[in-house]
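Colleague: So that you have it, the file is coords-v4.cif, and it contains mmCIF, C-alpha atoms (C1' of nucleotides):
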data_final
loop_
_atom_site.label_atom_id
_atom_site.label_comp_id
_atom_site.auth_asym_id
_atom_site.auth_seq_id
_atom_site.Cartn_x
_atom_site.Cartn_y
_atom_site.Cartn_z
CA MET M 1419 92.82 -68.64 22.84
CA THR M 1420 94.03 -70.41 19.76
CA THR M 1421 91.08 -72.73 19.88
CA THR M 1422 91.59 -75.55 17.49
CA THR M 1423 87.96 -76.50 17.93
CA ASN M 1424 86.37 -76.33 14.54
CA ALA M 1425 84.01 -73.65 15.70
CA ARG M 1426 83.61 -72.75 12.06
CA VAL M 1427 80.13 -74.06 12.03
CA LEU M 1428 77.66 -71.98 10.13
CA GLU M 1429 74.08 -71.68 11.26
CA HIS M 1430 71.50 -72.42 8.64
CA PRO M 1431 67.73 -72.49 9.00
CA THR M 1432 66.16 -75.85 8.37
CA ARG M 1433 63.76 -76.07 5.49
CA ASP M 1434 60.82 -75.67 7.83
CA GLN M 1435 62.28 -72.55 9.32
CA ILE M 1436 62.56 -70.68 6.04
CA ARG M 1437 60.08 -67.81 5.93
CA LEU M 1438 58.78 -66.27 2.78
CA GLU M 1439 59.05 -62.70 4.03
CA GLU M 1440 62.71 -63.17 4.88
CA VAL M 1441 63.47 -64.73 1.52
CA LEU M 1442 61.78 -61.85 -0.26
CA HIS M 1443 63.65 -59.38 1.89
CA ALA M 1444 66.93 -61.12 1.11
CA LEU M 1445 66.22 -60.92 -2.60
CA ALA M 1446 65.05 -57.31 -2.45
CA ASP M 1447 68.58 -55.89 -2.34
CA SER M 1448 70.44 -55.30 -5.56
CA VAL M 1449 73.78 -56.56 -4.25
CA ARG M 1450 72.24 -59.75 -2.91
CA LEU M 1451 70.13 -60.25 -6.00
CA ARG M 1452 73.27 -60.03 -8.06
CA ILE M 1453 74.95 -62.66 -5.90
CA VAL M 1454 72.00 -64.98 -6.28
CA ARG M 1455 71.87 -64.49 -10.03
CA ASP M 1456 75.58 -65.23 -10.37
CA MET M 1457 75.18 -68.34 -8.29
CA ALA M 1458 72.23 -69.54 -10.33
CA ARG M 1459 74.16 -68.94 -13.52
CA GLU M 1460 77.25 -70.86 -12.46
CA SER M 1461 75.27 -73.55 -10.64
CA THR M 1462 78.34 -74.66 -8.72
CA GLU M 1463 79.92 -73.81 -5.41
CA LEU M 1464 81.54 -70.41 -5.50
CA SER M 1465 83.78 -68.73 -3.00
CA CYS M 1466 82.86 -65.31 -1.66
CA SER M 1467 85.83 -63.78 -3.41
CA TYR M 1468 84.52 -64.99 -6.76
CA PHE M 1469 82.00 -62.20 -6.77
CA ASP M 1470 83.12 -58.80 -7.89
CA LEU M 1471 80.84 -56.63 -5.83
CA PRO M 1472 80.86 -52.85 -5.51
CA VAL M 1473 81.18 -53.01 -1.73
CA THR M 1474 83.91 -53.79 0.75
CA LYS M 1475 84.65 -57.21 2.13
CA SER M 1476 82.90 -56.58 5.42
CA THR M 1477 79.76 -55.51 3.62
CA THR M 1478 80.04 -58.60 1.45
CA THR M 1479 80.19 -60.74 4.56
CA HIS M 1480 77.05 -59.03 5.79
CA HIS M 1481 75.13 -59.74 2.58
CA PHE M 1482 76.19 -63.37 2.50
CA ARG M 1483 75.04 -63.76 6.07
CA VAL M 1484 71.63 -62.30 5.25
CA LEU M 1485 71.32 -64.75 2.37
CA ARG M 1486 72.39 -67.66 4.54
CA GLU M 1487 70.17 -66.81 7.49
CA SER M 1488 67.14 -66.36 5.29
CA GLY M 1489 67.72 -69.80 3.80
CA VAL M 1490 68.54 -68.70 0.28
CA ILE M 1491 72.08 -70.04 0.18
CA GLN M 1492 74.17 -72.66 1.90
CA GLN M 1493 77.69 -71.91 3.00
CA MET M 1494 80.51 -74.23 4.02
CA TYR M 1495 84.16 -73.80 4.74
CA ARG M 1496 86.89 -75.37 2.72
CA GLY M 1497 90.26 -74.32 3.97
CA THR M 1498 90.43 -70.56 4.05
CA ALA M 1499 87.71 -70.28 1.47
CA LYS M 1500 83.99 -70.31 2.07
CA LEU M 1501 81.92 -71.93 -0.58
CA ASN M 1502 78.41 -70.81 -1.41
CA CYS M 1503 75.61 -72.45 -3.26
CA LEU M 1504 71.92 -71.84 -3.72
CA ARG M 1505 69.46 -73.93 -1.73
CA ARG M 1506 67.55 -74.62 -4.87
CA SER M 1507 65.81 -77.81 -3.83
CA ASP M 1508 64.64 -76.31 -0.55
CA LEU M 1509 63.40 -73.13 -2.17
CA ASP M 1510 61.70 -74.97 -5.00
CA ALA M 1511 60.00 -77.29 -2.57
CA LEU M 1512 58.75 -74.48 -0.35
CA PHE M 1513 58.01 -71.86 -2.97
CA PRO M 1514 57.56 -73.55 -6.34
CA GLY M 1515 58.47 -71.29 -9.20
CA LEU M 1516 59.44 -68.36 -7.03
CA LEU M 1517 63.19 -68.43 -7.54
CA ASP M 1518 62.88 -69.06 -11.26
CA SER M 1519 60.46 -66.21 -11.75
CA VAL M 1520 62.68 -63.85 -9.76
CA LEU M 1521 65.71 -64.84 -11.82
CA ALA M 1522 63.78 -64.48 -15.06
CA ALA M 1523 62.42 -61.13 -13.92
CA ALA M 1524 65.91 -59.89 -13.10
CA ASP M 1525 67.13 -60.94 -16.54
CA ALA M 1526 64.17 -59.28 -18.21
CA GLN M 1527 64.74 -56.10 -16.25
CA ASP M 1528 68.38 -56.01 -17.31
CA GLY M 1529 67.15 -56.22 -20.86
CA ARG M 1530 64.67 -53.42 -20.33
CA VAL M 1531 67.09 -51.13 -18.59
CA GLY M 1532 69.51 -51.94 -21.38
CA GLU M 1533 72.79 -52.18 -19.53
CA THR M 1534 73.92 -55.07 -21.67
CA GLY M 1535 74.77 -53.40 -24.83
CA MET A 894 43.88 -22.34 1.90
CA THR A 895 40.81 -24.44 1.37
CA THR A 896 41.94 -25.38 -2.09
CA THR A 897 39.09 -26.92 -3.98
CA THR A 898 41.50 -28.09 -6.65
CA ASN A 899 41.14 -31.80 -6.95
CA ALA A 900 44.68 -32.32 -5.87
CA ARG A 901 43.66 -35.85 -5.04
CA VAL A 902 45.77 -37.23 -7.79
CA LEU A 903 47.80 -40.26 -6.89
CA GLU A 904 51.24 -40.82 -8.32
CA HIS A 905 51.82 -44.22 -9.84
CA PRO A 906 54.89 -45.55 -11.60
CA THR A 907 54.38 -46.45 -15.21
CA ARG A 908 54.92 -50.05 -16.15
CA ASP A 909 58.43 -49.29 -17.34
CA GLN A 910 59.30 -47.65 -14.08
CA ILE A 911 58.46 -50.66 -11.95
CA ARG A 912 61.62 -52.16 -10.48
CA LEU A 913 61.93 -55.73 -9.32
CA GLU A 914 63.84 -54.88 -6.16
CA GLU A 915 61.15 -52.46 -5.06
CA VAL A 916 58.39 -54.93 -5.74
CA LEU A 917 60.18 -57.60 -3.73
CA HIS A 918 60.76 -55.12 -0.95
CA ALA A 919 57.10 -54.17 -0.97
CA LEU A 920 56.10 -57.81 -0.70
CA ALA A 921 58.68 -58.59 1.99
CA ASP A 922 56.60 -57.07 4.77
CA SER A 923 53.99 -59.20 6.49
CA VAL A 924 51.39 -56.43 6.68
CA ARG A 925 51.77 -55.58 3.02
CA LEU A 926 51.87 -59.23 1.97
CA ARG A 927 48.59 -59.70 3.78
CA ILE A 928 47.07 -56.77 1.95
CA VAL A 929 48.19 -58.14 -1.38
CA ARG A 930 46.87 -61.60 -0.59
CA ASP A 931 43.50 -60.22 0.42
CA MET A 932 43.35 -58.21 -2.76
CA ALA A 933 44.24 -61.18 -4.89
CA ARG A 934 41.60 -63.28 -3.16
CA GLU A 935 38.81 -60.76 -3.65
CA SER A 936 39.96 -59.72 -7.10
CA THR A 937 37.89 -56.55 -6.93
CA GLU A 938 38.48 -53.01 -5.84
CA LEU A 939 38.67 -52.75 -2.09
CA SER A 940 38.73 -49.72 0.15
CA CYS A 941 41.55 -49.31 2.61
CA SER A 942 39.16 -49.76 5.50
CA TYR A 943 38.19 -53.18 4.21
CA PHE A 944 41.40 -54.59 5.56
CA ASP A 945 41.52 -55.45 9.23
CA LEU A 946 45.16 -54.81 9.93
CA PRO A 947 46.97 -54.89 13.26
CA VAL A 948 48.28 -51.36 12.84
CA THR A 949 46.87 -47.86 13.12
CA LYS A 950 45.35 -45.91 10.29
CA SER A 951 48.41 -43.81 9.66
CA THR A 952 50.58 -46.89 9.42
CA THR A 953 48.06 -48.39 7.04
CA THR A 954 48.33 -45.32 4.86
CA HIS A 955 52.08 -45.76 4.85
CA HIS A 956 51.90 -49.38 3.72
CA PHE A 957 49.44 -48.63 0.95
CA ARG A 958 51.70 -45.89 -0.30
CA VAL A 959 54.68 -48.26 -0.39
CA LEU A 960 52.60 -50.72 -2.39
CA ARG A 961 51.42 -48.02 -4.76
CA GLU A 962 54.83 -46.43 -5.29
CA SER A 963 56.43 -49.78 -5.98
CA GLY A 964 53.83 -50.49 -8.64
CA VAL A 965 52.13 -53.39 -6.92
CA ILE A 966 48.72 -51.78 -6.55
CA GLN A 967 46.67 -49.07 -8.16
CA GLN A 968 44.71 -46.63 -6.05
CA MET A 969 41.90 -44.27 -6.98
CA TYR A 970 39.56 -42.07 -5.04
CA ARG A 971 35.85 -42.56 -4.98
CA GLY A 972 34.20 -40.11 -2.66
CA THR A 973 35.72 -40.40 0.77
CA ALA A 974 36.92 -43.89 0.07
CA LYS A 975 40.06 -44.93 -1.72
CA LEU A 976 39.83 -48.02 -3.81
CA ASN A 977 42.72 -50.38 -4.28
CA CYS A 978 43.41 -53.09 -6.78
CA LEU A 979 46.36 -55.18 -7.82
CA ARG A 980 48.23 -54.24 -10.99
CA ARG A 981 48.07 -57.82 -12.12
CA SER A 982 48.49 -57.29 -15.82
CA ASP A 983 51.49 -55.03 -15.35
CA LEU A 984 53.15 -57.36 -12.88
CA ASP A 985 52.44 -60.44 -14.96
CA ALA A 986 53.83 -58.75 -18.04
CA LEU A 987 57.00 -57.62 -16.32
CA PHE A 988 57.59 -60.56 -14.03
CA PRO A 989 55.73 -63.58 -15.38
CA GLY A 990 54.76 -66.00 -12.66
CA LEU A 991 56.22 -63.95 -9.85
CA LEU A 992 53.03 -62.76 -8.22
CA ASP A 993 51.37 -66.14 -8.50
CA SER A 994 54.31 -67.95 -6.97
CA VAL A 995 54.47 -65.47 -4.11
CA LEU A 996 50.76 -65.87 -3.44
CA ALA A 997 51.01 -69.65 -3.63
CA ALA A 998 54.04 -69.58 -1.36
CA ALA A 999 52.20 -67.46 1.19
CA ASP A 1000 49.27 -69.87 1.15
CA ALA A 1001 51.59 -72.84 1.53
CA GLN A 1002 53.39 -71.19 4.40
CA ASP A 1003 50.11 -70.55 6.16
CA GLY A 1004 49.39 -74.21 5.84
CA ARG A 1005 52.80 -75.13 7.21
CA VAL A 1006 52.67 -72.76 10.12
CA GLY A 1007 49.14 -73.92 10.71
CA GLU A 1008 47.47 -70.72 11.81
CA THR A 1009 44.31 -71.56 9.96
CA GLY A 1010 42.96 -74.16 12.35
"C1'" DG B 407 25.70 -25.51 7.63
"C1'" DT B 408 26.95 -29.46 10.84
"C1'" DC B 409 28.55 -33.60 11.65
"C1'" DC B 410 30.61 -38.16 10.53
"C1'" DT B 411 33.64 -41.18 8.14
"C1'" DC B 412 37.66 -42.02 5.52
"C1'" DG B 413 41.97 -41.16 4.71
"C1'" DT B 414 46.32 -37.76 4.74
"C1'" DA B 415 50.09 -34.95 6.49
"C1'" DC B 416 53.34 -34.06 9.76
"C1'" DG B 417 56.37 -34.75 13.52
"C1'" DA B 418 58.47 -37.92 16.57
"C1'" DT B 419 60.65 -42.17 17.69
"C1'" DA B 420 62.76 -46.43 17.78
"C1'" DA B 421 64.36 -50.11 15.16
"C1'" DC B 422 66.57 -51.78 11.36
"C1'" DC B 423 69.95 -51.93 7.79
"C1'" DA B 424 73.76 -51.10 4.39
"C1'" DT B 425 78.00 -49.42 4.65
"C1'" DC B 426 82.63 -48.75 6.24
"C1'" DG B 427 87.28 -49.30 8.81
"C1'" DT B 428 90.04 -51.72 11.84
"C1'" DA B 429 91.48 -55.48 14.25
"C1'" DG B 430 91.45 -60.27 14.54
"C1'" DT B 431 90.98 -65.55 13.50
"C1'" DA B 432 91.51 -69.76 10.56
"C1'" DC B 433 93.95 -72.18 7.31
"C1'" DG B 434 97.54 -73.36 3.99
"C1'" DG B 435 102.33 -72.65 2.06
"C1'" DC B 436 107.02 -72.11 3.01
"C1'" DG L 1460 107.43 -70.61 13.29
"C1'" DC L 1461 106.17 -66.93 9.84
"C1'" DC L 1462 103.57 -64.89 6.42
"C1'" DG L 1463 99.78 -64.28 3.21
"C1'" DT L 1464 95.04 -65.03 1.90
"C1'" DA L 1465 90.18 -65.38 3.05
"C1'" DC L 1466 86.92 -64.23 5.81
"C1'" DT L 1467 84.83 -62.50 10.46
"C1'" DA L 1468 83.73 -59.67 14.51
"C1'" DC L 1469 83.02 -55.39 16.37
"C1'" DG L 1470 81.94 -50.66 16.63
"C1'" DA L 1471 80.39 -46.62 14.32
"C1'" DT L 1472 77.49 -44.10 11.25
"C1'" DG L 1473 74.15 -42.40 8.36
"C1'" DG L 1474 70.01 -43.53 5.92
"C1'" DT L 1475 65.61 -45.87 5.67
"C1'" DT L 1476 61.50 -47.63 7.65
"C1'" DA L 1477 57.62 -49.11 10.61
"C1'" DT L 1478 55.17 -47.32 14.03
"C1'" DC L 1479 52.42 -44.06 16.51
"C1'" DG L 1480 49.55 -39.75 17.86
"C1'" DT L 1481 47.50 -35.65 16.66
"C1'" DA L 1482 45.71 -32.50 13.70
"C1'" DC L 1483 43.70 -31.75 9.36
"C1'" DG L 1484 41.12 -32.07 4.58
"C1'" DA L 1485 37.56 -34.09 1.39
"C1'" DG L 1486 33.32 -35.74 0.60
"C1'" DG L 1487 28.69 -37.55 1.85
"C1'" DA L 1488 24.42 -37.60 5.01
"C1'" DC L 1489 21.32 -34.94 7.37
#
Give the structure from this file in structure tokens form.
Modeller:
Amino acid sequence: MTTTTNARVLEHPTRDQIRLEEVLHALADSVRLRIVRDMARESTELSCSYFDLPVTKSTTTHHFRVLRESGVIQQMYRGTAKLNCLRRSDLDALFPGLLDSVLAAADAQDGRVGETG
Amino acid sequence: MTTTTNARVLEHPTRDQIRLEEVLHALADSVRLRIVRDMARESTELSCSYFDLPVTKSTTTHHFRVLRESGVIQQMYRGTAKLNCLRRSDLDALFPGLLDSVLAAADAQDGRVGETG
DNA sequence: GTCCTCGTACGATAACCATCGTAGTACGGC
DNA sequence: GCCGTACTACGATGGTTATCGTACGAGGAC
């Protein structure tokens, strides 16, 4: 079935459906936290292949889906690529300060662990 | 072996050993988030049995251990009871604003979901 | 000493999850 | 139409976790 229907519709939770526990769970994985940090740093739409992750592509797909379904990121297709961006306004509206403090904490922890130099 | 050694010593991570991912994971469970919120509200040492949780005692023990080993709470024995308190100063020093934003987010979500009526 | 309460340890179990490999679909270039 | 790139779907797998029940230990009350 070479369906030409653009079935490439990605399910996202609405703002009201975003749950704190799921967001925390999404951020509690080091691979996903790294994705989120990269996205916050670039602050533009990035394709999945932009990220150089220490896992295979299928695992990458899995992590992006967890992030999307928890409401942390938004994904959209553009040609063969899939663009990702943080749902900053939604997260900031629901959980003021949460994302920023997580990002700052991750940066601070990198400094503590001392992988940067 | 009825060892009378006070082996009732509880392992806690030092401040430097606390890892953001583990803290987020600890907070990403609804039972544990509830415990943390109750502790933050009372802001005093509470025994495990203070909390009216929808799980059995052994599961409660498990959740308290996860919270302790991730560095979120401190536990100490006093007689037959075990007292718990948040490691606020450690968490605030490592992850400024994180705990407060999580607590505020949990309160806001309660308001949204409207279970308080 | 005898009980009671509080919490732990251990084993079991079922669910979840991070990971992979392979096979497949969607889209753009030629 | 054909191929390559980007990503997905599916099945498998091994590890972690949330849950329970039962049996046990530690300390206080009597």
Colleague: Which residue gives the smallest distance to chain B among M:Cys1503, M:Ile1453, M:Ala1444, M:Ala1524, with all atoms listed in the file counted?
Modeller: M:Ala1444
Colleague: Applied to this file, what does the PyMOL selection byres ((chain A) within 9 of (chain L)) return in terms of residues, put as JSON, numbers by chain?
Modeller: {"A": [895, 948, 949, 951, 952, 955, 956, 972, 973, 974]}
Colleague: I would like the residues chosen by the PyMOL selection byres ((chain B) within 10 of (chain M)) on the shown file; could you give them as a list of chain:residue names?
Modeller: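 Selected by the PyMOL selection byres ((chain B) within 10 of (chain M)) in this file: B:DA424, B:DT425, B:DC426, B:DG427, B:DT431, B:DA432, B:DC433, B:DG434.
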Colleague: Looking at all atoms listed in the file, which of A:Gly1004, A:Pro989, A:Gly964, A:Pro947 is the one that sits closest to Leu917 of chain A?
Modeller: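 Looking only at the distances to Leu917 of chain A, the closest residue turns out to be A:Gly964.
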Colleague: Going by the chain IDs and residue numbers used in this file, which residues fall under the PyMOL selection byres ((chain M) within 8 of (chain A))? Write them as a PyMOL selection string.
Modeller: chain M and resi 1437-1443+1445-1448+1512-1516+1519-1520+1522-1524+1526-1527
Colleague: Quick one: distance from atom CA of Asp1528 of chain M to atom CA of Ser963 of chain A in Å, one decimal?
Modeller: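 If I compute the distance from atom CA of Asp1528 of chain M to atom CA of Ser963 of chain A, I get 17.6 Å.
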Colleague: Please measure the separation of atom CA of Ile1491 of chain M and atom CA of Val1454 of chain M, giving the value in Å to one decimal.
Modeller: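 Between atom CA of Ile1491 of chain M and atom CA of Val1454 of chain M the gap works out to 8.2 Å.
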Colleague: Between atom CA of Val924 of chain A and atom CA of Phe944 of chain A, what is the distance, to one decimal in Å?
Modeller: 10.2 Å
Colleague: Pick out the closest residue to Phe1482 of chain M from this set: M:Asp1508, M:Leu1428, M:Ser1461, M:Arg1450. Count only C-alpha atoms.
Modeller: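 Of M:Asp1508, M:Leu1428, M:Ser1461, M:Arg1450, the one nearest Phe1482 of chain M, counting only C-alpha atoms, is M:Arg1450.
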